[in-house]
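Asks: Sharing a structure below in structure tokens format, with a few things to ask.
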Amino acid sequence: MIEVQHLTKRYGPFTAVTDLSFRVERGEILGFLGPNGAGKTTTMRIITGYMPATEGKAIVAGYDVFEQPIEAKQRTGYLPETPPLYPDMSVKDYLTFVSKIKGVPSSERTSRINTVMERTRIADMANRLCSRLSKGYKQRVGLAQALIHNPEVLILDEPTAGLDPKQIIETRQLIRELAGDHTIVLSTHILPEVSQTCQRVVIINKGRVVAEDTPDNLTARLRGSETMYVQIDATGADAHTALTRIPGVTRVVESDRRNSTIGFEVESEQGRDIRRDLANTIVSSGWGLLELRPMRMSLEEIFLSLTTEEAEQAATAEEAVHA
Amino acid sequence: MRNILAIAQKEIRSYFVSPIAYIVIGMFALLYGWFYSVMLQFFVRQGINMSMMGGQQVLNINQDMLRPVLQNVTVLLLFVLPALTMRTYSEERRSGTIELLLTSPVSDFQIIMGKFIGALTLYAVMLSVTFIHVGLLFVYSNPEWKPIATSYLGLLLLGGSFLSIGLFISTLTTNQIVAYISTFSVFLFLWVINWIGSFSSGWIADLTGYLSVIDHFDDFSKGVIDTTHLIYYLSLITFGLFLTMKSVDTERWRG
């Protein structure tokens, strides 16, 4: 549905996006993840036809955004970082204007406006001026605007930024609901959002794709070894040695200690399930097993490791050049 | 066309919900009314003087009353019209709504034409205030309507030229005050350029005379529609809109 091919965007000497490529299939929600200034907004602006790319191309619903902008834009709904509202228009007037320039036929206009207002839950604010809306409502009017012409593709730039927790949950729910009929790309720097709403993640940093996969696979891929966390009720250092002796265990690190309660992080060889042995050892030693759980790398950690890894590589490369 | 009208309609709306339309039309009406009453008094006094001296020459209401008044209007435009265009693009850029326009299935040309027609409509509404004064002349006198009609055509063309240049300047800055002052300066330059010409001769005088926006208005106020002047204004409008298009396009590339 969306195809981005070797996209590069330079602003004068500054390169915002370098050779970026990815695909989004019909009906999919793609999370576009990256720290601030990674090039998320630039990429989205290129896909929506707001600005042309320096090199490469973007194809939306089969239309090249640069060659056939009108056709591509008819099929794209876009919510920019700041909702593009006219402060002196009422919500209803605003949506009427947007429906006109988005080419909604006049016979369907009223019903479309009512549908999107219902869907984004802004019907109660229909006659209020956009400038008088709260941040949450502004964001939702922005979303309504993007949906008004029932586009095949939705590009949402940080759709939950600035919302309160309840609104964030509602917005994510709405985005998931929309996924069936629309292909969605949403950018964010909030990681749990991605694991909750997206089927696939593209992580970008400094204008390059550093990883692209499903949230689960990303988590798994970056786990080099399996780590278990155990908390036991025991005294003395013999627990450490006992755990180290379990077959398959490569490393045991004491992570916390409170009175007689000790927590260990137990690393094992990849693909080997040590949970049974771990539990047996602890129980047979007469200790109390208080907690046993696998430790997963959270998306935050993945993200950090990916982005810093890149920085380290760059640093080494630089050193090599200077040496 | 539908897109152009939708944008024009939005522009007109935004003039009338903000104080701009009211201030501009109000100030214009006030100053115009003042010019009008001063000229009328002068005209009446002159008429009385002439009849007392028993002169043969008859004063012409078109030539001696309306023409100077409408020429004064052109001075007012110098101050008033930059206010109509100063926010057209700068406001869209500042509030981020430019992202909505540029990602909607409308062409740059449609956006620009919509904005131009919107500004031109407000200007026409402003000019229509003066119909009251002109109407009064028809009640108490019998002026010729044709020179009046050509004067208004001239005013529309002159104003249109100013608006298209103002539109271009508003694409260059996000600051409305900067937009106003630059637009005003450019208008003033186009206004006084023939003064340079009046001190020189030959081709410089011809060129500056041709470029001066105000010289071309003169014939319209006399009731003459000369294609030279028509072409001048229409090309100035086209040029302004063309520059606006180029500027918007450049802005896109620059991001």
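Labels for the structure tokens follow display order: chains A, B, ..., residues from 1 in each chain, ligands from 1.
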Can you tell me, as a list in words, what residues are no more than 6 Å from A:Thr18 when counting only C-alpha atoms, ignoring any on the same chain fewer than 5 positions away?

Replies: Thr8, Gly207 and Arg208 of chain A

Asks: Near stretch 104-120 of chain A, within 7 Å and counting only C-alpha atoms, which residues show up once chain neighbours fewer than 5 positions away are dropped, as a list in words?

Replies: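 Residues meeting the cut-off are Leu95, Ser99, Arg140, Ala144, Leu147, Ile148 and His149 of chain A.
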
Asks: Would you mind exporting N, CA, C and O atoms of the selected residues as a short mmCIF file (atom, residue, chain, number, x, y, z; two decimals), in the first residue's frame?

Replies:
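Saved file out17.cif follows:
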```
data_model
loop_
_atom_site.label_atom_id
_atom_site.label_comp_id
_atom_site.auth_asym_id
_atom_site.auth_seq_id
_atom_site.Cartn_x
_atom_site.Cartn_y
_atom_site.Cartn_z
N LEU A 95 -14.47 21.14 9.56
CA LEU A 95 -14.59 19.84 8.88
C LEU A 95 -15.29 20.00 7.52
O LEU A 95 -14.98 19.29 6.57
N SER A 99 -13.59 18.88 4.15
CA SER A 99 -14.26 17.92 3.26
C SER A 99 -14.34 18.47 1.84
O SER A 99 -14.28 17.71 0.88
N ARG A 140 -8.08 15.24 18.43
CA ARG A 140 -9.13 14.40 17.86
C ARG A 140 -9.76 15.06 16.64
O ARG A 140 -10.14 14.38 15.69
N ALA A 144 -10.06 13.57 12.99
CA ALA A 144 -11.30 13.61 12.22
C ALA A 144 -11.03 14.18 10.83
O ALA A 144 -11.54 13.68 9.82
N LEU A 147 -9.56 11.72 8.57
CA LEU A 147 -10.44 10.62 8.19
C LEU A 147 -11.56 11.04 7.25
O LEU A 147 -12.26 10.20 6.70
N ILE A 148 -11.74 12.36 7.09
CA ILE A 148 -12.97 12.88 6.48
C ILE A 148 -13.25 12.30 5.09
O ILE A 148 -14.40 12.04 4.75
N HIS A 149 -12.22 12.09 4.30
CA HIS A 149 -12.47 11.60 2.94
C HIS A 149 -12.26 10.09 2.85
O HIS A 149 -12.06 9.56 1.77
#
```

Asks: For stretch 195-205 of chain A, find every residue with an atom within 9 Å (counting only C-alpha atoms), except residues of its own chain fewer than 3 positions away, and show them as a count of residues only.

Replies: 39

Asks: Any chance you could list, as a VMD selection string, the residues in stretch 40-225 of chain B that come up alpha helix (DSSP H) when DSSP is run on the backbone?

Replies: chain B and resid 40 to 53 61 67 to 85 90 to 95 97 to 102 108 to 128 131 to 140 145 to 170 176 to 199 203 to 211 215 to 222

Asks: Taking only C-alpha atoms into account, report as a list in words which residues of chain B lie within 9 Å of chain A.

Replies: Arg2, Asn3, Ile4, Ala6, Ile7, Lys10, Arg13, Ser14, Val17, Ser18, Glu92, Ser95, Gly96, Thr97, Ile98, Glu99, Leu100, Leu101, Leu102, Thr103, Ser104, Pro105, Val106, Ser107, Glu251, Arg252, Trp253, Arg254 and Gly255 of chain B

Asks: Go ahead and compute the interatomic distance for atom CA of B:Leu167 and atom CA of B:Leu5, in Å to one decimal.

Replies: 17.2 Å

Asks: Compare B:Thr88, B:Ser200, B:Gln41, B:Asn62 by their minimum atom-to-atom distance to B:Ser221, counting only C-alpha atoms, and give me the closest one.

Replies: B:Asn62

Asks: Taking 3 positions as the minimum chain separation for residues in the same chain, which residues sit within 10 Å of B:Pro68 when counting only C-alpha atoms? Answer as a VMD selection string.

Replies: chain B and resid 35 to 36 39 62 to 65 71 to 73 221

Asks: Separation of atom CA of A:Lys92 and atom CA of B:Pro19, in Å?

Replies: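 Atom-to-atom, atom CA of A:Lys92 and atom CA of B:Pro19 are spaced 21.7 Å apart.
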